file protein18.txt (compact mmCIF, C-alpha atoms)
# COMPACT_ATOMS: atom_id res chain seq x y z
CA MET A 1444 42.22 -11.40 -48.25
CA SER A 1445 41.10 -7.87 -47.37
CA TRP A 1446 39.47 -7.05 -44.04
CA GLN A 1447 36.15 -6.36 -45.76
CA VAL A 1448 36.15 -9.79 -47.40
CA PHE A 1449 37.21 -11.48 -44.16
CA SER A 1450 34.55 -9.75 -42.06
CA GLY A 1451 31.87 -10.68 -44.60
CA THR A 1452 33.12 -14.28 -44.61
CA PHE A 1453 33.13 -14.35 -40.80
CA GLU A 1454 29.54 -13.08 -40.72
CA GLN A 1455 28.46 -15.79 -43.16
CA GLY A 1456 30.30 -18.42 -41.15
CA LEU A 1457 28.44 -17.42 -37.99
CA MET A 1458 25.05 -17.52 -39.71
CA TYR A 1459 25.75 -20.89 -41.31
CA ALA A 1460 27.10 -22.18 -37.99
CA ILE A 1461 23.49 -22.28 -36.75
CA MET A 1462 22.71 -24.64 -39.63
CA VAL A 1463 25.78 -26.74 -38.86
CA LEU A 1464 24.63 -27.14 -35.24
CA GLY A 1465 21.51 -28.78 -36.64
CA VAL A 1466 23.51 -31.04 -38.94
CA TYR A 1467 25.73 -32.06 -36.01
CA LEU A 1468 22.66 -33.06 -34.01
CA THR A 1469 21.51 -35.59 -36.61
CA PHE A 1470 24.81 -36.60 -38.19
CA ARG A 1471 26.84 -37.09 -35.03
CA VAL A 1472 24.41 -37.37 -32.11
CA LEU A 1473 21.60 -39.40 -33.72
CA ASP A 1474 23.84 -41.06 -36.33
CA TYR A 1475 21.11 -40.19 -38.84
CA ALA A 1476 21.83 -39.13 -42.43
CA ASP A 1477 19.13 -36.48 -42.78
CA LEU A 1478 18.76 -34.92 -46.23
CA THR A 1479 15.83 -32.80 -45.08
CA VAL A 1480 18.40 -30.04 -44.46
CA ASP A 1481 18.45 -28.92 -48.10
CA GLY A 1482 14.70 -28.31 -47.98
CA SER A 1483 14.34 -26.97 -44.44
CA PHE A 1484 17.07 -24.35 -44.98
CA THR A 1485 15.09 -22.93 -47.89
CA LEU A 1486 11.88 -23.32 -45.87
CA GLY A 1487 13.20 -20.99 -43.18
CA ALA A 1488 14.33 -18.47 -45.77
CA ALA A 1489 10.99 -18.66 -47.62
CA ILE A 1490 8.87 -18.20 -44.49
CA ALA A 1491 10.91 -15.28 -43.21
CA ALA A 1492 11.10 -13.57 -46.60
CA ARG A 1493 7.40 -13.94 -47.33
CA LEU A 1494 6.39 -12.54 -43.94
CA ILE A 1495 8.88 -9.67 -44.10
CA PHE A 1496 7.79 -8.85 -47.66
CA ALA A 1497 4.22 -8.72 -46.36
CA GLY A 1498 5.26 -6.16 -43.73
CA GLN A 1499 5.45 -8.44 -40.69
CA ASN A 1500 7.93 -8.06 -37.82
CA PRO A 1501 11.23 -9.67 -38.93
CA TRP A 1502 11.93 -11.03 -35.43
CA LEU A 1503 8.57 -12.76 -35.43
CA ALA A 1504 9.21 -13.99 -38.97
CA SER A 1505 12.49 -15.58 -37.87
CA GLY A 1506 10.73 -17.31 -34.99
CA ILE A 1507 8.03 -18.69 -37.28
CA ALA A 1508 10.77 -19.92 -39.63
CA PHE A 1509 12.21 -21.90 -36.72
CA ILE A 1510 8.79 -23.43 -36.04
CA GLY A 1511 8.47 -24.33 -39.72
CA GLY A 1512 11.75 -26.21 -39.49
CA LEU A 1513 10.51 -28.04 -36.39
CA VAL A 1514 7.48 -29.26 -38.34
CA ALA A 1515 9.59 -30.37 -41.31
CA GLY A 1516 11.95 -32.33 -39.06
CA ALA A 1517 9.06 -33.94 -37.20
CA PHE A 1518 7.55 -35.02 -40.53
CA THR A 1519 10.81 -36.73 -41.50
CA GLY A 1520 10.91 -38.40 -38.09
CA LEU A 1521 7.36 -39.68 -38.47
CA LEU A 1522 8.10 -41.11 -41.91
CA HIS A 1523 11.02 -43.03 -40.44
CA THR A 1524 9.63 -44.15 -37.09
CA LYS A 1525 5.95 -44.69 -37.81
CA PHE A 1526 6.00 -45.70 -41.48
CA LYS A 1527 9.35 -47.54 -41.28
CA ILE A 1528 10.92 -45.66 -44.17
CA THR A 1529 14.71 -45.71 -44.12
CA PRO A 1530 16.49 -42.58 -42.80
CA LEU A 1531 17.97 -41.68 -46.18
CA LEU A 1532 14.72 -42.07 -48.09
CA SER A 1533 12.61 -40.29 -45.47
CA GLY A 1534 14.87 -37.26 -45.72
CA ILE A 1535 14.78 -37.32 -49.51
CA LEU A 1536 10.98 -37.51 -49.52
CA THR A 1537 10.62 -34.55 -47.17
CA MET A 1538 13.24 -32.54 -49.06
CA THR A 1539 11.41 -33.20 -52.34
CA ALA A 1540 8.06 -32.23 -50.87
CA LEU A 1541 9.52 -29.07 -49.35
CA TYR A 1542 10.61 -27.81 -52.76
CA SER A 1543 6.97 -27.46 -53.77
CA VAL A 1544 5.99 -26.21 -50.31
CA ASN A 1545 8.63 -23.49 -50.47
CA LEU A 1546 7.43 -22.35 -53.89
CA ARG A 1547 3.89 -22.22 -52.53
CA ILE A 1548 5.02 -20.14 -49.57
CA MET A 1549 6.97 -17.66 -51.68
CA GLY A 1550 4.49 -17.61 -54.54
CA ARG A 1551 7.38 -17.30 -57.00
CA PRO A 1552 10.97 -18.61 -57.37
CA ASN A 1553 12.52 -15.75 -55.35
CA ILE A 1554 11.58 -12.84 -53.12
CA PRO A 1555 13.74 -9.68 -52.94
CA LEU A 1556 14.14 -7.95 -49.57
CA LEU A 1557 15.95 -4.82 -50.74
CA ARG A 1558 15.21 -1.84 -48.50
CA MET A 1559 12.95 -4.02 -46.37
CA ARG A 1560 13.11 -4.06 -42.58
CA THR A 1561 15.07 -7.07 -41.27
CA ILE A 1562 16.52 -8.12 -37.93
CA PHE A 1563 19.88 -6.78 -39.11
CA THR A 1564 18.54 -3.34 -40.00
CA ASP A 1565 16.85 -3.20 -36.59
CA PHE A 1566 20.00 -4.26 -34.76
CA GLY A 1567 22.11 -1.91 -36.86
CA LYS A 1568 20.19 1.05 -35.41
CA LEU A 1569 21.63 0.39 -31.96
CA PRO A 1570 24.59 2.51 -30.80
CA PHE A 1571 27.91 1.51 -32.42
CA MET A 1572 26.20 -1.24 -34.44
CA ASP A 1573 25.86 0.53 -37.77
CA GLN A 1574 28.99 -1.13 -39.18
CA TYR A 1575 29.31 -4.44 -37.32
CA GLY A 1576 25.68 -5.08 -36.39
CA VAL A 1577 25.40 -8.16 -38.63
CA MET A 1578 28.51 -9.74 -37.14
CA VAL A 1579 27.61 -8.98 -33.54
CA LEU A 1580 24.01 -10.21 -33.84
CA SER A 1581 25.12 -13.38 -35.63
CA LEU A 1582 27.79 -14.02 -32.99
CA ILE A 1583 25.36 -13.48 -30.12
CA SER A 1584 22.80 -15.75 -31.79
CA VAL A 1585 25.15 -18.65 -32.47
CA LEU A 1586 26.69 -18.48 -28.99
CA ILE A 1587 23.30 -18.46 -27.30
CA LEU A 1588 21.97 -21.30 -29.45
CA GLY A 1589 25.18 -23.30 -28.98
CA TYR A 1590 25.00 -22.86 -25.20
CA LEU A 1591 21.31 -23.79 -25.11
CA LEU A 1592 22.08 -26.90 -27.15
CA TYR A 1593 24.85 -27.80 -24.71
CA LEU A 1594 22.50 -27.39 -21.74
CA PHE A 1595 19.90 -29.53 -23.48
CA MET A 1596 22.43 -32.26 -24.22
CA GLU A 1597 23.30 -32.44 -20.51
CA THR A 1598 19.67 -33.02 -19.44
CA GLU A 1599 18.17 -36.50 -19.03
CA ILE A 1600 16.36 -36.13 -22.36
CA GLY A 1601 19.59 -34.98 -24.00
CA VAL A 1602 21.52 -37.96 -22.64
CA ALA A 1603 18.73 -40.27 -23.83
CA LEU A 1604 18.94 -38.63 -27.26
CA ARG A 1605 22.68 -39.22 -27.42
CA ALA A 1606 22.27 -42.80 -26.26
CA THR A 1607 19.65 -43.39 -28.96
CA GLY A 1608 22.22 -42.57 -31.61
CA ASP A 1609 24.95 -44.57 -29.87
CA ASN A 1610 23.11 -47.74 -28.89
CA GLU A 1611 19.41 -47.78 -29.67
CA MET A 1612 18.79 -51.31 -28.42
CA MET A 1613 20.39 -50.63 -25.04
CA ILE A 1614 18.55 -47.40 -24.33
CA ARG A 1615 15.24 -48.90 -25.50
CA SER A 1616 15.69 -51.75 -23.02
CA GLN A 1617 15.80 -49.12 -20.27
CA GLY A 1618 12.35 -47.85 -21.17
CA VAL A 1619 13.23 -44.90 -23.41
CA ASN A 1620 10.95 -44.27 -26.38
CA THR A 1621 13.59 -44.11 -29.10
CA ASP A 1622 11.03 -43.16 -31.75
CA MET A 1623 10.20 -40.00 -29.82
CA MET A 1624 13.90 -39.29 -29.33
CA LYS A 1625 14.47 -39.47 -33.08
CA ILE A 1626 11.50 -37.24 -33.84
CA LEU A 1627 12.66 -34.74 -31.20
CA GLY A 1628 16.22 -34.71 -32.51
CA LEU A 1629 15.15 -34.28 -36.13
CA SER A 1630 12.74 -31.49 -35.16
CA ILE A 1631 15.34 -29.49 -33.24
CA SER A 1632 17.91 -30.09 -35.97
CA ASN A 1633 15.73 -28.80 -38.78
CA GLY A 1634 14.43 -25.97 -36.61
CA LEU A 1635 18.02 -24.72 -36.29
CA VAL A 1636 18.59 -25.22 -40.03
CA ALA A 1637 15.47 -23.22 -40.92
CA PHE A 1638 16.44 -20.50 -38.43
CA SER A 1639 19.81 -20.24 -40.15
CA GLY A 1640 18.04 -19.97 -43.49
CA SER A 1641 16.01 -17.03 -42.21
CA TYR A 1642 19.20 -15.26 -41.13
CA VAL A 1643 20.94 -15.86 -44.47
CA ALA A 1644 17.92 -14.65 -46.46
CA GLN A 1645 17.72 -11.43 -44.44
CA ASN A 1646 21.45 -10.82 -44.73
CA ASN A 1647 21.51 -11.53 -48.48
CA GLN A 1648 18.27 -9.55 -48.87
CA PHE A 1649 16.55 -12.24 -50.93
CA ALA A 1650 15.18 -15.76 -50.69
CA ASP A 1651 15.46 -18.21 -53.55
CA ALA A 1652 13.86 -21.62 -54.05
CA SER A 1653 17.24 -23.22 -54.81
CA MET A 1654 19.34 -21.61 -52.07
CA GLY A 1655 19.32 -24.76 -49.94
CA ILE A 1656 20.86 -27.06 -52.54
CA GLY A 1657 24.05 -28.62 -51.17
CA MET A 1658 23.54 -27.43 -47.58
CA ILE A 1659 23.90 -30.93 -46.17
CA ILE A 1660 27.33 -31.33 -47.80
CA ALA A 1661 28.44 -27.92 -46.53
CA GLY A 1662 27.19 -28.86 -43.06
CA LEU A 1663 29.03 -32.18 -43.07
CA ALA A 1664 32.24 -30.51 -44.27
CA SER A 1665 31.98 -27.94 -41.47
CA VAL A 1666 31.38 -30.61 -38.82
CA ILE A 1667 34.35 -32.68 -39.99
CA ILE A 1668 36.70 -29.68 -40.23
CA GLY A 1669 35.73 -28.51 -36.75
CA GLU A 1670 36.18 -31.96 -35.20
CA VAL A 1671 39.64 -32.30 -36.69
CA LEU A 1672 40.78 -28.81 -35.63
CA VAL A 1673 39.20 -28.59 -32.16
CA GLY A 1674 38.45 -32.16 -31.12
CA THR A 1675 35.48 -34.00 -29.62
CA SER A 1676 36.56 -34.87 -26.07
CA SER A 1677 33.35 -33.44 -24.58
CA VAL A 1678 29.95 -32.17 -25.67
CA LYS A 1679 30.95 -28.58 -24.98
CA ARG A 1680 34.13 -28.92 -27.01
CA THR A 1681 32.28 -30.62 -29.87
CA ILE A 1682 29.70 -27.83 -30.09
CA LEU A 1683 32.55 -25.30 -30.14
CA ALA A 1684 34.23 -27.38 -32.85
CA VAL A 1685 31.06 -27.26 -34.96
CA ILE A 1686 30.95 -23.45 -34.76
CA VAL A 1687 34.66 -23.12 -35.56
CA GLY A 1688 34.31 -25.58 -38.44
CA ALA A 1689 31.51 -23.54 -40.01
CA ILE A 1690 33.64 -20.40 -39.93
CA VAL A 1691 36.78 -22.14 -41.23
CA TYR A 1692 34.79 -23.74 -44.04
CA ARG A 1693 33.52 -20.33 -45.17
CA VAL A 1694 37.07 -18.96 -45.01
CA ILE A 1695 38.26 -21.83 -47.22
CA ILE A 1696 35.49 -21.08 -49.72
CA ALA A 1697 36.45 -17.38 -49.71
CA LEU A 1698 40.11 -18.25 -50.31
CA VAL A 1699 39.14 -20.51 -53.21
CA LEU A 1700 37.24 -17.64 -54.79
CA GLN A 1701 40.23 -15.35 -54.21
CA LEU A 1702 42.41 -17.83 -56.10
CA GLY A 1703 40.27 -17.34 -59.20
CA LEU A 1704 37.85 -20.26 -59.18
CA GLY A 1705 34.27 -19.38 -60.08
CA PRO A 1706 31.19 -19.74 -57.88
CA THR A 1707 30.16 -22.69 -60.04
CA ASP A 1708 33.15 -24.62 -58.66
CA LEU A 1709 32.16 -24.26 -54.99
CA LYS A 1710 30.13 -27.48 -54.82
CA LEU A 1711 33.04 -29.38 -56.31
CA VAL A 1712 35.44 -27.86 -53.78
CA THR A 1713 33.08 -28.79 -50.94
CA ALA A 1714 32.85 -32.38 -52.17
CA VAL A 1715 36.65 -32.60 -52.41
CA ILE A 1716 37.03 -31.31 -48.84
CA VAL A 1717 34.63 -33.95 -47.50
CA ILE A 1718 36.27 -36.74 -49.54
CA ILE A 1719 39.75 -35.82 -48.30
CA ALA A 1720 38.57 -35.67 -44.70
CA LEU A 1721 36.76 -39.02 -44.87
CA THR A 1722 39.48 -40.91 -46.71
CA THR A 1723 42.57 -39.69 -44.86
CA PRO A 1724 43.34 -42.37 -42.22
CA ASP A 1725 44.69 -40.01 -39.55
CA ILE A 1726 41.69 -37.72 -39.84
CA LYS A 1727 39.27 -40.63 -40.01
CA LYS A 1728 40.49 -41.95 -36.67
CA LYS A 1729 39.77 -38.60 -35.07
CA ILE A 1730 36.24 -38.18 -36.41
CA LEU A 1731 34.85 -41.71 -36.16
CA PRO A 1732 33.93 -41.55 -32.43
CA ARG A 1733 30.62 -39.77 -32.09
CA SER A 1734 29.91 -37.27 -29.34
CA GLY A 1735 27.33 -39.65 -27.96
CA SER A 1736 29.84 -42.51 -27.57
CA HIS A 1737 29.73 -42.31 -23.78
CA ALA A 1738 26.02 -41.66 -23.57
CA GLY A 1739 25.20 -45.27 -22.84
CA LYS A 1740 27.56 -45.27 -19.86
CA GLU A 1741 26.04 -42.07 -18.55
CA VAL A 1742 22.53 -43.53 -18.71
CA THR A 1743 23.68 -46.78 -17.08
CA ASN A 1744 25.41 -44.91 -14.27
CA ALA A 1745 22.35 -42.77 -13.76

call {"tool": "encode", "arguments": {"input": "protein18.txt", "output": "structure tokens"}}
result
Amino acid sequence: MSWQVFSGTFEQGLMYAIMVLGVYLTFRVLDYADLTVDGSFTLGAAIAARLIFAGQNPWLASGIAFIGGLVAGAFTGLLHTKFKITPLLSGILTMTALYSVNLRIMGRPNIPLLRMRTIFTDFGKLPFMDQYGVMVLSLISVLILGYLLYLFMETEIGVALRATGDNEMMIRSQGVNTDMMKILGLSISNGLVAFSGSYVAQNNQFADASMGIGMIIAGLASVIIGEVLVGTSSVKRTILAVIVGAIVYRVIIALVLQLGLGPTDLKLVTAVIVIIALTTPDIKKKILPRSGSHAGKEVTNA
């Protein structure tokens, strides 16, 4: 693998790592299989691309994309908590609705951003950032977001969120509104996913209505790979594992392409990676404990 290919893969891994942080929040912390991800990723890309295409500030567009993801996640949470729709079906319903919403936002199946101002073109104008601006900005973004997520998880609300996923009955008996915890977790998760979508769209210089298909599987694969390689002994280590897993997953995909497989085979490769990870006994033992497994004890001790 040449340096150019590796650097491009590393950049993609960092941008997708923001999405994987969101998947980790629902999949591991809340123990919630949220399929909204496929729709909210495209939602972030669609919002950012449409605003940038209209001449708006790309930094503002990325922020609004994050807010759009928050709304999508909250909608899924409301379907589940207030209307008693199962987690899987609530995510599917929101994802399905978002496909039409995204087309409405874009006004067409795709929006090109060639020669348009983006956050990466702005950052690339800084000294010494003309060549590695995308990588540096993506690295700074994922580290800041990962650290903020870690700080949030250590707060009382964060501990309550982790306990909700670990033992909902126990934490509810202590007066915590678990419905609000679920809505909050789903909102933050999909906000991060949409924010990642805005980054990917600006880096790829286009947004497409189908670009989010399979994101949940890629996110799960990244989480599992990171947990196996880095471990989950603490919240901080788990968040680091998620970031590492996203990068390693993209490297694996790049290596597969280098071996001669076509882009049409990537979804199959992703599925095989997840199947191997979930069915291998030694790996399964490592990934079964969730990061929130000690949350109940922390709340009790508090």

call {"tool": "atom_distance", "arguments": {"input": "protein18.txt", "atom1": "atom CA of Ala1489 of chain A", "atom2": "atom CA of Ala1540 of chain A"}}
result
14.3 Å

call {"tool": "closest_residue", "arguments": {"input": "protein18.txt", "among": "A:Leu1531, A:Leu1513, A:Val1694, A:Val1673", "to": "Leu1457 of chain A", "atoms": "all atoms listed in the file"}}
result
A:Val1694

call {"tool": "closest_atom_pairs", "arguments": {"input": "protein18.txt", "of": "segment 1456-1503 of chain A", "to": "segment 1636-1653 of chain A", "cutoff": "8 Å", "atoms": "all atoms listed in the file", "output": "Markdown table"}}
result
| residue | atom | partner | partner_atom | distance |
| --- | --- | --- | --- | --- |
| A:Met1458 | CA | A:Ser1639 | CA | 5.9 |
| A:Tyr1459 | CA | A:Ser1639 | CA | 6.1 |
| A:Ala1460 | CA | A:Ser1639 | CA | 7.8 |
| A:Ile1461 | CA | A:Ser1639 | CA | 5.4 |
| A:Met1462 | CA | A:Val1636 | CA | 4.2 |
| A:Val1463 | CA | A:Val1636 | CA | 7.4 |
| A:Leu1464 | CA | A:Val1636 | CA | 7.9 |
| A:Gly1465 | CA | A:Val1636 | CA | 5.7 |
| A:Val1466 | CA | A:Val1636 | CA | 7.7 |
| A:Val1480 | CA | A:Val1636 | CA | 6.5 |
| A:Ser1483 | CA | A:Ala1637 | CA | 5.3 |
| A:Phe1484 | CA | A:Ala1637 | CA | 4.5 |
| A:Thr1485 | CA | A:Gly1640 | CA | 6.1 |
| A:Leu1486 | CA | A:Ala1637 | CA | 6.1 |
| A:Gly1487 | CA | A:Ala1637 | CA | 3.9 |
| A:Ala1488 | CA | A:Ser1641 | CA | 4.2 |
| A:Ala1489 | CA | A:Ala1650 | CA | 5.9 |
| A:Ile1490 | CA | A:Ser1641 | CA | 7.6 |
| A:Ala1491 | CA | A:Ser1641 | CA | 5.5 |
| A:Ala1492 | CA | A:Ala1650 | CA | 6.2 |

call {"tool": "atom_distance", "arguments": {"input": "protein18.txt", "atom1": "atom CA of Gln1499 of chain A", "atom2": "atom CA of Leu1580 of chain A"}}
result
19.9 Å

call {"tool": "residues_around", "arguments": {"input": "protein18.txt", "residues": "segment 1515-1523 of chain A", "least_positions_apart": "3", "cutoff": "7 Å", "atoms": "all atoms listed in the file", "output": "number ranges by chain"}}
result
A: 1483, 1511-1512, 1526-1530, 1533-1534, 1537, 1625-1626, 1629-1630, 1633

call {"tool": "residues_around", "arguments": {"input": "protein18.txt", "residues": "Gly1608 of chain A", "least_positions_apart": "4", "cutoff": "7 Å", "atoms": "only C-alpha atoms", "output": "list in words"}}
result
Val1472, Leu1473, Asp1474, Leu1604 and Gly1735 of chain A

call {"tool": "atom_distance", "arguments": {"input": "protein18.txt", "atom1": "atom CA of Gln1574 of chain A", "atom2": "atom CA of Val1687 of chain A"}}
result
23.0 Å

call {"tool": "closest_residue", "arguments": {"input": "protein18.txt", "among": "A:Ala1697, A:Leu1635, A:Leu1721, A:Ile1548", "to": "Val1666 of chain A", "atoms": "only C-alpha atoms"}}
result
A:Leu1721

call {"tool": "closest_residue", "arguments": {"input": "protein18.txt", "among": "A:Ala1720, A:Val1579, A:Met1654, A:Met1624", "to": "Glu1670 of chain A", "atoms": "only C-alpha atoms"}}
result
A:Ala1720

call {"tool": "closest_residue", "arguments": {"input": "protein18.txt", "among": "A:Val1678, A:Ala1689, A:Ile1507, A:Leu1627", "to": "Glu1597 of chain A", "atoms": "all atoms listed in the file"}}
result
A:Val1678

call {"tool": "closest_residue", "arguments": {"input": "protein18.txt", "among": "A:Ala1603, A:Ile1659, A:Ala1476, A:Leu1494", "to": "Arg1615 of chain A", "atoms": "only C-alpha atoms"}}
result
A:Ala1603

call {"tool": "closest_residue", "arguments": {"input": "protein18.txt", "among": "A:Ile1495, A:Met1613, A:Ile1695, A:Met1623", "to": "Ile1600 of chain A", "atoms": "only C-alpha atoms"}}
result
A:Met1623

call {"tool": "residues_around", "arguments": {"input": "protein18.txt", "residues": "segment 1562-1569 of chain A", "least_positions_apart": "3", "cutoff": "7 Å", "atoms": "all atoms listed in the file", "output": "short mmCIF file (atom, residue, chain, number, x, y, z; two decimals) with C-alpha atoms, keeping the file's coordinate frame"}}
result
data_model
loop_
_atom_site.label_atom_id
_atom_site.label_comp_id
_atom_site.auth_asym_id
_atom_site.auth_seq_id
_atom_site.Cartn_x
_atom_site.Cartn_y
_atom_site.Cartn_z
CA PRO A 1501 11.23 -9.67 -38.93
CA TRP A 1502 11.93 -11.03 -35.43
CA MET A 1572 26.20 -1.24 -34.44
CA ASP A 1573 25.86 0.53 -37.77
CA GLY A 1576 25.68 -5.08 -36.39
CA VAL A 1577 25.40 -8.16 -38.63
#

call {"tool": "residues_around", "arguments": {"input": "protein18.txt", "residues": "Arg1693 of chain A", "least_positions_apart": "4", "cutoff": "12 Å", "atoms": "all atoms listed in the file", "output": "ChimeraX atom specification"}}
result
/A:1448-1460,1463,1661-1662,1664-1665,1668-1669,1686-1689,1697-1700,1709,1712-1713
